[in-house]
$ cat coords.cif   # mmCIF, C-alpha atoms
data_run
loop_
_atom_site.label_atom_id
_atom_site.label_comp_id
_atom_site.auth_asym_id
_atom_site.auth_seq_id
_atom_site.Cartn_x
_atom_site.Cartn_y
_atom_site.Cartn_z
CA MET A 612 -5.37 94.45 80.18
CA THR A 613 -8.00 94.67 77.56
CA GLN A 614 -10.66 92.03 77.16
CA PRO A 615 -10.70 89.96 74.05
CA PRO A 616 -13.51 90.60 71.64
CA ALA A 617 -16.67 88.69 72.01
CA GLN A 618 -16.59 85.23 70.35
CA PRO A 619 -19.53 84.17 68.27
CA SER A 620 -21.71 81.51 69.75
CA PRO A 621 -22.09 78.18 68.02
CA HIS A 622 -25.73 79.10 67.63
CA GLY A 623 -25.02 82.42 66.05
CA HIS A 624 -25.52 84.76 69.15
CA PRO A 625 -22.65 86.86 70.53
CA GLU A 626 -21.89 86.41 74.16
CA SER A 627 -20.95 89.22 76.54
CA ALA A 628 -17.64 89.31 78.42
CA GLY A 629 -17.68 87.72 81.83
CA ALA A 630 -20.80 85.70 81.24
CA GLU A 631 -19.88 82.04 81.11
CA PRO A 632 -22.08 79.19 80.33
CA ALA A 633 -22.89 76.72 83.00
CA CYS A 634 -21.31 73.40 82.23
CA PRO A 635 -22.86 70.39 83.81
CA GLY A 636 -20.89 68.74 86.55
CA ARG A 637 -18.91 71.83 87.33
CA PRO A 638 -19.44 74.41 90.19
CA GLU A 639 -20.88 77.74 89.16
CA SER A 640 -18.06 79.72 90.82
CA ALA A 641 -15.47 78.24 88.66
CA GLY A 642 -14.88 80.13 85.46
CA PRO A 643 -13.55 78.74 82.29
CA ALA A 644 -9.95 78.95 81.53
CA HIS A 645 -9.16 80.44 78.15
CA PRO A 646 -5.74 80.09 76.71
CA GLY A 647 -3.77 83.26 76.56
CA THR A 648 -5.53 84.95 79.60
CA ASP A 649 -4.22 85.72 83.08
CA SER A 650 -7.07 83.99 84.89
CA PRO A 651 -5.99 81.53 87.53
CA GLU A 652 -6.10 77.79 86.77
CA PRO A 653 -9.51 76.39 87.62
CA SER A 654 -9.78 73.75 90.29
CA TYR A 655 -12.00 70.72 89.85
CA PRO A 656 -13.49 68.87 92.79
CA GLY A 657 -11.89 65.64 93.84
CA ALA A 658 -8.92 65.64 91.57
CA GLY A 659 -6.29 67.71 89.97
CA GLU A 660 -7.48 66.53 86.58
CA PRO A 661 -10.79 67.30 84.99
CA SER A 662 -13.44 64.66 85.51
CA TYR A 663 -16.11 63.82 82.97
CA PRO A 664 -19.43 62.38 83.91
CA GLY A 665 -19.89 58.68 83.51
CA ALA A 666 -16.83 58.00 81.37
CA GLU A 667 -13.26 58.86 80.86
CA GLY A 668 -13.83 59.94 77.28
CA PRO A 669 -16.04 62.64 75.82
CA SER A 670 -19.76 62.30 75.93
CA TYR A 671 -21.68 61.55 72.73
CA PRO A 672 -25.24 62.33 71.78
CA GLY A 673 -27.64 61.05 74.39
CA ALA A 674 -25.45 62.00 77.33
CA GLY A 675 -26.70 65.62 77.58
CA GLU A 676 -25.92 68.80 75.72
CA PRO A 677 -24.67 72.06 77.30
CA SER A 678 -27.36 74.63 78.11
CA TYR A 679 -26.81 78.31 77.72
CA PRO A 680 -28.66 81.00 79.80
CA GLY A 681 -31.39 82.79 78.00
CA ILE A 682 -31.41 80.34 75.15
CA PRO A 683 -33.88 77.54 75.27
CA ALA A 684 -32.45 74.13 75.02
CA GLN A 685 -32.90 72.64 71.63
CA ALA A 686 -33.24 69.07 70.76
CA PRO A 687 -30.30 67.68 68.91
CA PRO A 688 -30.82 67.47 65.21
CA THR A 689 -32.16 64.25 63.99
CA TYR A 690 -30.32 62.78 61.07
CA PRO A 691 -31.78 60.02 58.98
CA THR A 692 -30.27 56.71 59.71
CA ALA A 693 -28.21 55.67 56.80
CA SER A 694 -29.83 52.47 55.63
CA GLN A 695 -27.81 49.86 53.86
CA PRO A 696 -28.21 50.53 50.13
CA THR A 697 -29.97 47.80 48.33
CA PRO A 698 -27.72 46.39 45.62
CA PRO A 699 -29.11 46.85 42.15
CA THR A 700 -30.79 43.87 40.63
CA TYR A 701 -29.17 42.79 37.39
CA PRO A 702 -30.88 40.49 34.93
CA THR A 703 -29.66 36.96 35.16
CA ALA A 704 -27.41 36.17 32.20
CA GLN A 705 -28.98 33.33 30.28
CA GLN A 706 -26.56 30.49 29.67
CA PRO A 707 -26.10 30.16 25.90
CA THR A 708 -27.10 26.85 24.43
CA PRO A 709 -23.96 24.96 23.34
CA PRO A 710 -23.82 24.05 19.66
CA ALA A 711 -24.77 20.51 18.79
CA TYR A 712 -21.81 18.63 17.40
CA PRO A 713 -22.18 15.42 15.37
CA THR A 714 -21.78 12.33 17.42
CA GLY A 715 -18.35 10.88 16.83
CA PRO A 716 -17.12 7.34 17.27
CA GLY A 717 -16.06 8.07 20.87
CA PRO A 718 -18.14 7.02 23.91
CA ALA A 719 -21.12 9.17 25.00
CA TYR A 720 -20.67 10.51 28.54
CA PRO A 721 -23.81 10.56 30.76
CA SER A 722 -25.04 13.75 32.39
CA ALA A 723 -24.44 14.29 36.09
CA ALA A 724 -26.92 12.36 38.20
CA PRO A 725 -28.94 14.21 40.90
CA GLN A 726 -27.75 14.19 44.50
CA GLY A 727 -28.42 10.86 46.17
CA GLU A 728 -29.05 8.90 42.98
CA ALA A 729 -26.76 6.35 41.42
CA PRO A 730 -25.06 7.54 38.24
CA ALA A 731 -26.58 6.25 35.07
CA THR A 732 -24.74 3.40 33.37
CA PRO A 733 -23.16 4.62 30.14
CA PRO A 734 -24.49 2.85 27.06
CA ALA A 735 -22.19 0.25 25.60
CA PRO A 736 -20.57 1.41 22.37
CA SER A 737 -22.05 -0.22 19.34
CA ALA A 738 -19.77 -2.85 17.85
CA PRO A 739 -18.72 -2.32 14.23
CA PRO A 740 -20.38 -4.60 11.75
CA ALA A 741 -18.56 -7.85 11.30
CA ALA A 742 -16.53 -7.82 8.11
CA ALA A 743 -17.04 -10.55 5.61
CA PRO A 744 -14.34 -13.21 5.80
CA ASP A 745 -11.54 -12.46 3.38
CA HIS A 746 -10.75 -15.70 1.61
CA HIS A 747 -7.81 -14.06 -0.12
CA TYR A 748 -5.99 -13.15 3.09
CA ILE A 749 -2.77 -14.98 3.87
CA SER A 750 -0.48 -14.61 6.84
CA THR A 751 3.04 -13.52 5.99
CA ASP A 752 4.44 -13.88 9.52
CA GLN A 753 7.73 -15.67 9.81
CA ARG A 754 7.41 -19.19 11.07
CA ARG A 755 9.27 -22.44 11.16
CA VAL A 756 9.70 -23.87 7.67
CA HIS A 757 10.25 -27.47 6.65
CA ILE A 758 12.51 -27.64 3.60
CA SER A 759 11.88 -30.58 1.30
CA ALA A 760 14.79 -32.82 0.41
CA HIS A 761 13.97 -32.64 -3.33
CA GLN A 762 13.74 -29.02 -4.43
CA ARG A 763 13.18 -29.74 -8.13
CA ARG A 764 11.86 -32.49 -10.31
CA THR A 765 11.49 -33.10 -14.00
CA ASP A 766 7.90 -34.01 -14.77
CA ALA A 767 6.53 -35.50 -17.98
CA THR A 768 5.86 -32.06 -19.41
CA ALA A 769 9.51 -31.04 -19.14
CA VAL A 770 10.69 -34.33 -20.67
CA GLY A 771 8.21 -34.01 -23.54
CA ASN A 772 9.37 -30.47 -24.16
CA LEU A 773 12.98 -31.62 -24.49
CA LEU A 774 12.00 -34.43 -26.86
CA LEU A 775 10.07 -32.05 -29.08
CA TYR A 776 13.09 -29.80 -29.33
CA LEU A 777 15.20 -32.69 -30.57
CA PRO A 778 14.57 -32.05 -34.31
CA ASN A 779 15.44 -28.39 -33.78
CA PHE A 780 18.58 -29.48 -31.96
CA LEU A 781 19.62 -31.70 -34.89
CA ALA A 782 18.95 -28.93 -37.37
CA SER A 783 21.04 -26.54 -35.26
CA LEU A 784 23.84 -29.11 -35.03
CA PHE A 785 23.83 -29.40 -38.83
CA VAL A 786 24.04 -25.63 -39.19
CA VAL A 787 26.87 -25.34 -36.67
CA ALA A 788 28.76 -28.15 -38.42
CA LEU A 789 28.43 -26.40 -41.78
CA VAL A 790 29.71 -23.16 -40.33
CA SER A 791 32.59 -24.85 -38.47
CA ALA A 792 33.73 -26.49 -41.75
CA PHE A 793 35.03 -23.10 -42.84
CA PHE A 794 37.42 -23.02 -39.84
CA GLY A 795 39.31 -26.23 -40.68
CA GLY A 796 40.80 -27.86 -37.58
CA LEU A 797 39.13 -25.39 -35.23
CA GLY A 798 35.72 -26.50 -36.46
CA LEU A 799 35.54 -29.41 -34.02
CA ILE A 800 36.35 -27.10 -31.10
CA LEU A 801 33.56 -24.79 -32.24
CA VAL A 802 31.05 -27.65 -32.27
CA LEU A 803 32.10 -28.84 -28.79
CA ALA A 804 31.92 -25.31 -27.41
CA TRP A 805 28.39 -25.00 -28.72
CA LEU A 806 27.35 -28.32 -27.13
CA VAL A 807 28.77 -27.32 -23.73
CA SER A 808 27.20 -23.87 -23.86
CA GLY A 809 23.92 -25.29 -22.57
CA VAL A 810 25.23 -25.18 -18.99
CA LEU A 811 25.13 -21.40 -19.18
CA VAL A 812 21.39 -21.72 -18.62
CA PHE A 813 22.16 -22.32 -14.94
CA HIS A 814 24.92 -19.71 -14.71
CA ARG A 815 23.69 -16.81 -12.61
CA PRO A 816 25.41 -13.95 -14.53
CA THR A 817 24.14 -15.40 -17.82
CA GLU A 818 20.64 -15.69 -16.37
CA SER A 819 20.78 -12.05 -15.31
CA ALA A 820 21.87 -11.03 -18.81
CA VAL A 821 19.01 -13.03 -20.35
CA ALA A 822 16.51 -11.51 -17.94
CA ARG A 823 17.73 -7.98 -18.53
CA ARG A 824 18.38 -8.04 -22.28
CA LEU A 825 15.84 -10.49 -23.66
CA LEU A 826 12.97 -10.27 -21.16
CA GLY A 827 13.24 -6.61 -20.15
CA LEU A 828 13.34 -7.29 -16.40
CA ARG A 829 15.07 -5.28 -13.68
CA TYR A 830 16.00 -5.63 -10.03
CA PRO A 831 13.29 -4.52 -7.57
CA THR A 832 13.70 -1.39 -5.47
CA PRO A 833 13.89 -1.67 -1.64
CA ARG A 834 10.21 -0.72 -1.32
CA GLU A 835 9.26 -3.33 -3.92
CA ARG A 836 11.26 -5.91 -2.01
CA GLU A 837 9.31 -5.08 1.13
CA ARG A 838 6.17 -5.86 -0.82
CA LEU A 839 7.35 -9.05 -2.57
CA GLU A 840 9.60 -10.84 -0.09
CA PRO A 841 7.01 -11.57 2.67
CA VAL A 842 4.60 -12.99 0.09
CA TRP A 843 7.35 -15.00 -1.58
CA ARG A 844 8.50 -16.32 1.79
CA GLU A 845 5.00 -17.63 2.51
CA VAL A 846 4.76 -19.29 -0.91
CA THR A 847 8.11 -21.05 -0.61
CA ALA A 848 7.35 -22.06 2.99
CA ARG A 849 4.20 -23.87 1.89
CA ALA A 850 6.08 -25.54 -0.95
CA GLY A 851 9.00 -26.55 1.27
CA VAL A 852 11.42 -24.77 -1.05
CA GLU A 853 14.40 -22.61 -0.15
CA GLY A 854 13.23 -19.17 -1.24
CA ARG A 855 16.73 -17.70 -1.48
CA THR A 856 17.47 -20.04 -4.38
CA TYR A 857 15.39 -17.84 -6.68
CA GLU A 858 15.62 -14.17 -7.59
CA LEU A 859 12.65 -11.81 -7.81
CA TRP A 860 12.66 -9.38 -10.75
CA ILE A 861 10.26 -6.65 -11.91
CA GLU A 862 8.88 -5.95 -15.36
CA ASP A 863 7.77 -2.35 -15.94
CA SER A 864 4.45 -3.24 -17.49
CA ASP A 865 0.80 -2.40 -16.86
CA ASP A 866 -0.35 -5.92 -17.69
CA LEU A 867 -1.37 -8.63 -15.26
CA ASN A 868 1.40 -11.13 -15.86
CA ALA A 869 4.41 -12.96 -14.44
CA VAL A 870 7.19 -15.13 -15.86
CA ALA A 871 9.48 -17.95 -14.78
CA ALA A 872 12.76 -17.51 -16.66
CA ALA A 873 16.00 -19.44 -16.86
CA GLY A 874 16.77 -21.55 -13.85
CA HIS A 875 16.31 -19.17 -10.89
CA ILE A 876 14.39 -16.06 -11.99
CA VAL A 877 10.79 -15.18 -11.12
CA GLY A 878 9.57 -12.00 -12.77
CA VAL A 879 6.34 -10.15 -12.02
CA THR A 880 4.90 -7.03 -13.61
CA ARG A 881 4.67 -3.79 -11.69
CA PHE A 882 0.90 -3.76 -12.14
CA SER A 883 0.53 -7.23 -10.60
CA MET A 884 2.67 -6.26 -7.63
CA ASN A 885 0.74 -3.06 -6.89
CA ALA A 886 -2.82 -3.98 -7.88
CA LEU A 887 -3.23 -7.53 -6.57
CA PRO A 888 -3.93 -8.33 -2.91
CA SER A 889 -1.36 -10.39 -1.08
CA GLY A 890 -3.29 -13.63 -1.55
CA GLU A 891 -3.71 -13.19 -5.29
CA LEU A 892 -0.10 -12.09 -5.68
CA ALA A 893 0.92 -15.22 -3.79
CA ALA A 894 -1.15 -17.34 -6.19
CA VAL A 895 0.65 -15.79 -9.17
CA LEU A 896 4.06 -16.39 -7.60
CA ALA A 897 3.10 -19.95 -6.66
CA HIS A 898 2.13 -20.57 -10.29
CA GLU A 899 5.55 -19.40 -11.48
CA LEU A 900 7.24 -21.45 -8.78
CA GLY A 901 5.41 -24.48 -10.17
CA HIS A 902 7.15 -23.90 -13.50
CA HIS A 903 10.53 -23.93 -11.76
CA VAL A 904 9.82 -26.89 -9.51
CA GLY A 905 8.44 -28.95 -12.41
CA GLY A 906 11.41 -28.20 -14.64
CA HIS A 907 9.36 -26.31 -17.23
CA ALA A 908 11.45 -23.15 -17.14
CA TRP A 909 14.89 -24.65 -17.59
CA SER A 910 13.78 -27.22 -20.20
CA SER A 911 12.11 -24.54 -22.31
CA LEU A 912 15.15 -22.27 -22.14
CA LEU A 913 17.54 -25.13 -22.85
CA GLY A 914 15.51 -26.26 -25.87
CA TYR A 915 15.26 -22.68 -27.11
CA TRP A 916 19.01 -22.21 -26.80
CA TYR A 917 19.95 -25.33 -28.76
CA ALA A 918 17.31 -24.55 -31.40
CA LEU A 919 18.57 -21.03 -31.91
CA PRO A 920 21.17 -21.76 -34.68
CA GLY A 921 18.57 -23.65 -36.72
CA ARG A 922 16.01 -20.85 -36.29
CA ILE A 923 18.51 -18.26 -37.40
CA ALA A 924 19.34 -20.34 -40.49
CA TRP A 925 15.65 -20.79 -41.28
CA ARG A 926 14.96 -17.06 -41.08
CA MET A 927 17.92 -16.35 -43.34
CA MET A 928 16.63 -18.86 -45.88
CA ARG A 929 13.17 -17.31 -45.82
CA ALA A 930 14.59 -13.84 -46.37
CA PHE A 931 16.76 -15.12 -49.22
CA GLY A 932 13.77 -16.90 -50.76
CA ARG A 933 11.70 -13.71 -50.75
CA ILE A 934 14.47 -11.82 -52.50
CA VAL A 935 14.92 -14.53 -55.14
CA PHE A 936 11.18 -14.76 -55.71
CA LYS A 937 10.89 -11.01 -56.27
CA VAL A 938 13.82 -11.06 -58.67
CA SER A 939 12.44 -14.07 -60.54
CA ARG A 940 9.15 -12.28 -61.16
CA VAL A 941 11.04 -9.93 -63.43
CA PHE A 942 11.87 -12.88 -65.70
CA SER A 943 8.20 -13.95 -65.89
CA CYS A 944 7.07 -17.48 -65.16
CA PHE A 945 10.30 -19.05 -66.25
CA GLY A 946 12.22 -17.52 -63.40
CA VAL A 947 9.58 -18.49 -60.81
CA GLY A 948 9.64 -22.09 -62.03
CA PHE A 949 13.40 -22.19 -61.78
CA VAL A 950 13.35 -20.99 -58.15
CA LEU A 951 10.72 -23.53 -57.21
CA LEU A 952 12.70 -26.30 -58.87
CA VAL A 953 15.86 -25.42 -56.96
CA PHE A 954 14.15 -25.27 -53.59
CA GLY A 955 12.17 -28.42 -54.30
CA ALA A 956 15.33 -30.36 -55.10
CA PHE A 957 16.96 -29.13 -51.93
CA ALA A 958 13.93 -30.11 -49.85
CA PHE A 959 13.75 -33.58 -51.43
CA ALA A 960 17.44 -34.19 -50.80
CA THR A 961 17.09 -33.14 -47.19
CA ILE A 962 14.07 -35.34 -46.59
CA SER A 963 15.60 -38.41 -48.21
CA THR A 964 18.86 -37.97 -46.34
CA LEU A 965 17.39 -37.34 -42.87
CA TYR A 966 14.55 -39.87 -43.21
CA GLY A 967 11.81 -37.28 -43.30
CA LEU A 968 12.79 -35.55 -40.06
CA PRO A 969 12.64 -32.08 -41.64
CA LEU A 970 8.91 -32.63 -42.14
CA LEU A 971 8.54 -32.70 -38.38
CA VAL A 972 9.70 -29.12 -38.28
CA LEU A 973 6.39 -28.10 -39.80
CA ALA A 974 4.42 -29.78 -37.00
CA LEU A 975 6.75 -28.84 -34.16
CA PRO A 976 5.18 -25.44 -33.38
CA TYR A 977 1.79 -27.06 -32.75
CA ALA A 978 3.26 -29.81 -30.61
CA LEU A 979 5.31 -27.35 -28.56
CA ALA A 980 2.24 -25.16 -28.03
CA ALA A 981 0.30 -28.18 -26.77
CA VAL A 982 3.09 -29.02 -24.31
CA SER A 983 3.19 -25.40 -23.16
CA ARG A 984 -0.56 -25.45 -22.45
CA ARG A 985 -0.09 -28.62 -20.43
CA ALA A 986 2.70 -26.98 -18.47
CA GLU A 987 0.38 -24.08 -17.58
CA LEU A 988 -2.22 -26.50 -16.21
CA ARG A 989 0.46 -28.24 -14.16
CA ALA A 990 1.57 -24.92 -12.71
CA ASP A 991 -2.06 -24.09 -11.85
CA GLN A 992 -2.38 -27.38 -10.01
CA HIS A 993 0.84 -26.68 -8.10
CA ALA A 994 -0.50 -23.33 -6.87
CA ALA A 995 -3.88 -24.85 -6.00
CA ALA A 996 -2.26 -27.68 -4.04
CA LEU A 997 -0.52 -25.07 -1.86
CA GLY A 998 -3.91 -23.59 -0.89
CA PHE A 999 -4.13 -20.77 -3.43
CA ALA A 1000 -6.96 -22.15 -5.58
CA PRO A 1001 -9.57 -19.43 -4.74
CA MET A 1002 -7.01 -16.67 -5.25
CA LEU A 1003 -5.85 -18.15 -8.54
CA ALA A 1004 -9.45 -18.46 -9.77
CA THR A 1005 -9.96 -14.74 -9.05
CA VAL A 1006 -6.80 -13.86 -10.96
CA LEU A 1007 -7.97 -15.93 -13.93
CA ASP A 1008 -11.32 -14.10 -13.86
CA LYS A 1009 -9.48 -10.77 -13.94
CA LEU A 1010 -7.39 -11.95 -16.88
CA HIS A 1011 -10.52 -13.03 -18.71
CA GLN A 1012 -12.21 -9.67 -18.09
CA ALA A 1013 -9.09 -7.84 -19.28
CA ASP A 1014 -9.11 -9.86 -22.51
CA GLN A 1015 -12.78 -9.05 -23.07
CA GLN A 1016 -12.18 -5.34 -22.50
CA GLN A 1017 -9.32 -5.39 -24.99
CA ALA A 1018 -11.58 -7.09 -27.53
CA LEU A 1019 -14.28 -4.45 -26.98
CA ALA A 1020 -11.74 -1.66 -27.32
CA ALA A 1021 -10.40 -3.16 -30.53
CA ARG A 1022 -13.97 -3.51 -31.84
CA ALA A 1023 -14.72 0.14 -31.03
CA HIS A 1024 -11.50 1.18 -32.72
CA ASN A 1025 -12.57 -0.83 -35.77
CA GLY A 1026 -15.77 1.16 -36.08
CA GLY A 1027 -17.99 -1.28 -34.22
CA VAL A 1028 -17.32 -4.09 -36.68
CA PRO A 1029 -16.82 -7.42 -34.82
CA LEU A 1030 -13.31 -8.74 -35.09
CA GLN A 1031 -12.68 -11.96 -36.87
CA GLU A 1032 -12.56 -14.96 -34.58
CA PRO A 1033 -9.19 -16.74 -34.46
CA SER A 1034 -9.04 -19.83 -36.60
CA ALA A 1035 -8.64 -23.33 -35.25
CA LEU A 1036 -5.00 -23.49 -36.33
CA SER A 1037 -4.19 -20.22 -34.55
CA LYS A 1038 -5.83 -21.55 -31.38
CA LEU A 1039 -3.62 -24.61 -31.61
CA LEU A 1040 -0.60 -22.32 -31.61
CA SER A 1041 -1.62 -20.66 -28.33
CA SER A 1042 0.81 -21.27 -25.49
CA HIS A 1043 -1.86 -20.84 -22.78
CA PRO A 1044 -5.15 -22.70 -22.41
CA ASP A 1045 -8.38 -20.75 -22.57
CA HIS A 1046 -10.12 -19.46 -19.45
CA HIS A 1047 -12.80 -22.15 -19.27
CA THR A 1048 -10.25 -24.97 -19.53
CA ARG A 1049 -8.17 -23.59 -16.68
CA MET A 1050 -11.21 -23.05 -14.47
CA HIS A 1051 -12.39 -26.58 -15.22
CA HIS A 1052 -9.10 -28.05 -13.97
CA LEU A 1053 -9.31 -25.91 -10.82
CA GLN A 1054 -12.77 -27.14 -9.81
CA PRO A 1055 -11.54 -30.12 -7.70
CA TYR A 1056 -9.55 -27.66 -5.55
CA LEU A 1057 -12.38 -25.16 -5.26
CA GLN A 1058 -14.96 -27.61 -3.94
CA PRO A 1059 -15.30 -27.60 -0.13
CA SER A 1060 -13.72 -30.55 1.60
CA ARG A 1061 -16.09 -32.97 3.31
#
$ encode --input "coords.cif" --output "structure tokens"
Amino acid sequence: MTQPPAQPSPHGHPESAGAEPACPGRPESAGPAHPGTDSPEPSYPGAGEPSYPGAEGPSYPGAGEPSYPGIPAQAPPTYPTASQPTPPTYPTAQQPTPPAYPTGPGPAYPSAAPQGEAPATPPAPSAPPAAAPDHHYISTDQRRVHISAHQRRTDATAVGNLLLYLPNFLASLFVVALVSAFFGGLGLILVLAWLVSGVLVFHRPTESAVARRLLGLRYPTPRERERLEPVWREVTARAGVEGRTYELWIEDSDDLNAVAAAGHIVGVTRFSMNALPSGELAAVLAHELGHHVGGHAWSSLLGYWYALPGRIAWRMMRAFGRIVFKVSRVFSCFGVGFVLLVFGAFAFATISTLYGLPLLVLALPYALAAVSRRAELRADQHAAALGFAPMLATVLDKLHQADQQQALAARAHNGGVPLQEPSALSKLLSSHPDHHTRMHHLQPYLQPSR
């Protein structure tokens, strides 16, 4: 059998055949067993298995290296101990400064207190400044209401108003009688029907027709009712009046105004409803309620209704007189004198027959205006007695300022020329007293109670 070729040594030197290295812990006579050769199996002392010095496993550096003959033993290579790599040092990321936000109305939270210290007490939130007391505030909450036994009365102003309408009533009766004379036997029925027609003042459908056609009022929308009804409920509760007896209507106007019409209608302008605070709106409604409670509204409407035929006849006579006068001017002075003679004779006959009552017609407008001014003062006192005097005084100031602004606007429109002051007679025909008179009558209610 041929010998295998020489194997290279781990150290790079070829080894001759038959020369075996001496392995520690093994007898020299024993040769190594190489796989694939016919050499007998080596025998190890003490066991049928190979024994390794000091351990069952293989030996590691430090336990001894094999030595080869003729080659000096070399120290095992020294490898540098792998030291733990030092982690790289990164620059510390600087915490960005948070943006400063404006301090809101919420509470300010304190910063965290150090360990072992008590947390700081948060500062108490600053209280809002105390609002000035609103003297025009009224409560509209529902409450128990005491209804008075007498809902209406007829004061001296209402009675005087009816008496002053008496000459107009007689003149209207004369006109209706003249017209009914053309109907023969039906004339008496016509006169009676006219006399009974006064009850229509308290007929609800007729009142609605008067409010809609003559006064230009309308029913409020649901949102407008939500605004008006709580205020109206408070006003009627203070007065002890059943509020459902009356109807609230709206006038589409930009003026500060209200009206008491017929027997059960209270109208208020859209501007008053939207622009006035609840207290001032209540004062306006209480003023109009005073007209109803005192009988001013129904007496004025009743007198106006019965005076209507006489007024229509008077306007027709004035129109006819203008036409005749213009025609008579064509015939020079003779025609004018003839017209004056005819009308003078008619006036003399009327005065002598009715004992001078027609002369009262000339003074009636001034007397009725004076009664109307007195009715306004009574209505102001009614609102003030219910606790609305300060609110009503503010409303009167606003009305006065509005009148002054209108006067300034009219003066500017007139080129800066001051407008002519109203005459004394025109002031006597005013249906409302001036601002200073109304404020003077409110002073007893504006003074603090002692």
$ residues_around --input "coords.cif" --residues "Pro1055 of chain A" --least-positions-apart "2" --cutoff "12 Å" --atoms "only C-alpha atoms" --output "count of residues only"
15
$ atom_distance --input "coords.cif" --atom1 "atom CA of Glu858 of chain A" --atom2 "atom CA of Val756 of chain A"
19.0 Å
$ atom_distance --input "coords.cif" --atom1 "atom CA of Val812 of chain A" --atom2 "atom CA of Val842 of chain A"
26.6 Å
$ resolve_selection --input "coords.cif" --expression "the PyMOL selection byres ((chain A and resi 905) around 9)" --output "ChimeraX atom specification"
/A:763-769,900-904,906-908,986,989-990
$ closest_residue --input "coords.cif" --among "A:Thr856, A:Thr880, A:Ser783, A:Ser983" --to "Tyr830 of chain A" --atoms "all atoms listed in the file"
A:Thr880
$ atom_distance --input "coords.cif" --atom1 "atom CA of Glu891 of chain A" --atom2 "atom CA of Leu828 of chain A"
21.2 Å
$ decode --input "coords.cif" --residues "segment 1022-1033 of chain A" --atoms "N, CA, C and O atoms" --output "PDB file, in the first residue's frame"
ATOM      1  N   ARG A1022     -83.992 122.022   9.380  1.00  0.00           N
ATOM      2  CA  ARG A1022     -83.271 123.292   9.236  1.00  0.00           C
ATOM      3  C   ARG A1022     -82.142 123.158   8.217  1.00  0.00           C
ATOM      4  O   ARG A1022     -81.921 124.070   7.400  1.00  0.00           O
ATOM      5  N   ALA A1023     -81.411 122.042   8.254  1.00  0.00           N
ATOM      6  CA  ALA A1023     -80.349 121.833   7.270  1.00  0.00           C
ATOM      7  C   ALA A1023     -80.914 121.710   5.861  1.00  0.00           C
ATOM      8  O   ALA A1023     -80.321 122.186   4.885  1.00  0.00           O
ATOM      9  N   HIS A1024     -82.069 121.055   5.755  1.00  0.00           N
ATOM     10  CA  HIS A1024     -82.700 120.937   4.436  1.00  0.00           C
ATOM     11  C   HIS A1024     -83.188 122.291   3.936  1.00  0.00           C
ATOM     12  O   HIS A1024     -83.291 122.514   2.717  1.00  0.00           O
ATOM     13  N   ASN A1025     -83.469 123.191   4.846  1.00  0.00           N
ATOM     14  CA  ASN A1025     -83.955 124.529   4.488  1.00  0.00           C
ATOM     15  C   ASN A1025     -82.811 125.514   4.245  1.00  0.00           C
ATOM     16  O   ASN A1025     -83.034 126.720   4.172  1.00  0.00           O
ATOM     17  N   GLY A1026     -81.590 124.994   4.148  1.00  0.00           N
ATOM     18  CA  GLY A1026     -80.458 125.861   3.893  1.00  0.00           C
ATOM     19  C   GLY A1026     -79.902 126.544   5.115  1.00  0.00           C
ATOM     20  O   GLY A1026     -79.256 127.595   5.003  1.00  0.00           O
ATOM     21  N   GLY A1027     -80.136 125.966   6.290  1.00  0.00           N
ATOM     22  CA  GLY A1027     -79.625 126.553   7.521  1.00  0.00           C
ATOM     23  C   GLY A1027     -80.486 127.655   8.091  1.00  0.00           C
ATOM     24  O   GLY A1027     -80.158 128.237   9.139  1.00  0.00           O
ATOM     25  N   VAL A1028     -81.591 127.961   7.438  1.00  0.00           N
ATOM     26  CA  VAL A1028     -82.486 129.007   7.933  1.00  0.00           C
ATOM     27  C   VAL A1028     -83.349 128.425   9.042  1.00  0.00           C
ATOM     28  O   VAL A1028     -83.955 127.353   8.862  1.00  0.00           O
ATOM     29  N   PRO A1029     -83.414 129.039  10.225  1.00  0.00           N
ATOM     30  CA  PRO A1029     -84.239 128.495  11.312  1.00  0.00           C
ATOM     31  C   PRO A1029     -85.710 128.436  10.907  1.00  0.00           C
ATOM     32  O   PRO A1029     -86.235 129.334  10.228  1.00  0.00           O
ATOM     33  N   LEU A1030     -86.338 127.358  11.289  1.00  0.00           N
ATOM     34  CA  LEU A1030     -87.751 127.196  10.967  1.00  0.00           C
ATOM     35  C   LEU A1030     -88.591 128.110  11.850  1.00  0.00           C
ATOM     36  O   LEU A1030     -88.207 128.466  12.963  1.00  0.00           O
ATOM     37  N   GLN A1031     -89.723 128.429  11.346  1.00  0.00           N
ATOM     38  CA  GLN A1031     -90.621 129.303  12.092  1.00  0.00           C
ATOM     39  C   GLN A1031     -91.233 128.558  13.261  1.00  0.00           C
ATOM     40  O   GLN A1031     -91.703 127.420  13.118  1.00  0.00           O
ATOM     41  N   GLU A1032     -91.203 129.186  14.417  1.00  0.00           N
ATOM     42  CA  GLU A1032     -91.766 128.565  15.604  1.00  0.00           C
ATOM     43  C   GLU A1032     -93.282 128.447  15.454  1.00  0.00           C
ATOM     44  O   GLU A1032     -93.934 129.332  14.888  1.00  0.00           O
ATOM     45  N   PRO A1033     -93.860 127.339  15.958  1.00  0.00           N
ATOM     46  CA  PRO A1033     -95.321 127.217  15.874  1.00  0.00           C
ATOM     47  C   PRO A1033     -96.007 128.306  16.693  1.00  0.00           C
ATOM     48  O   PRO A1033     -95.543 128.702  17.758  1.00  0.00           O
TER      49      PRO A1033
END
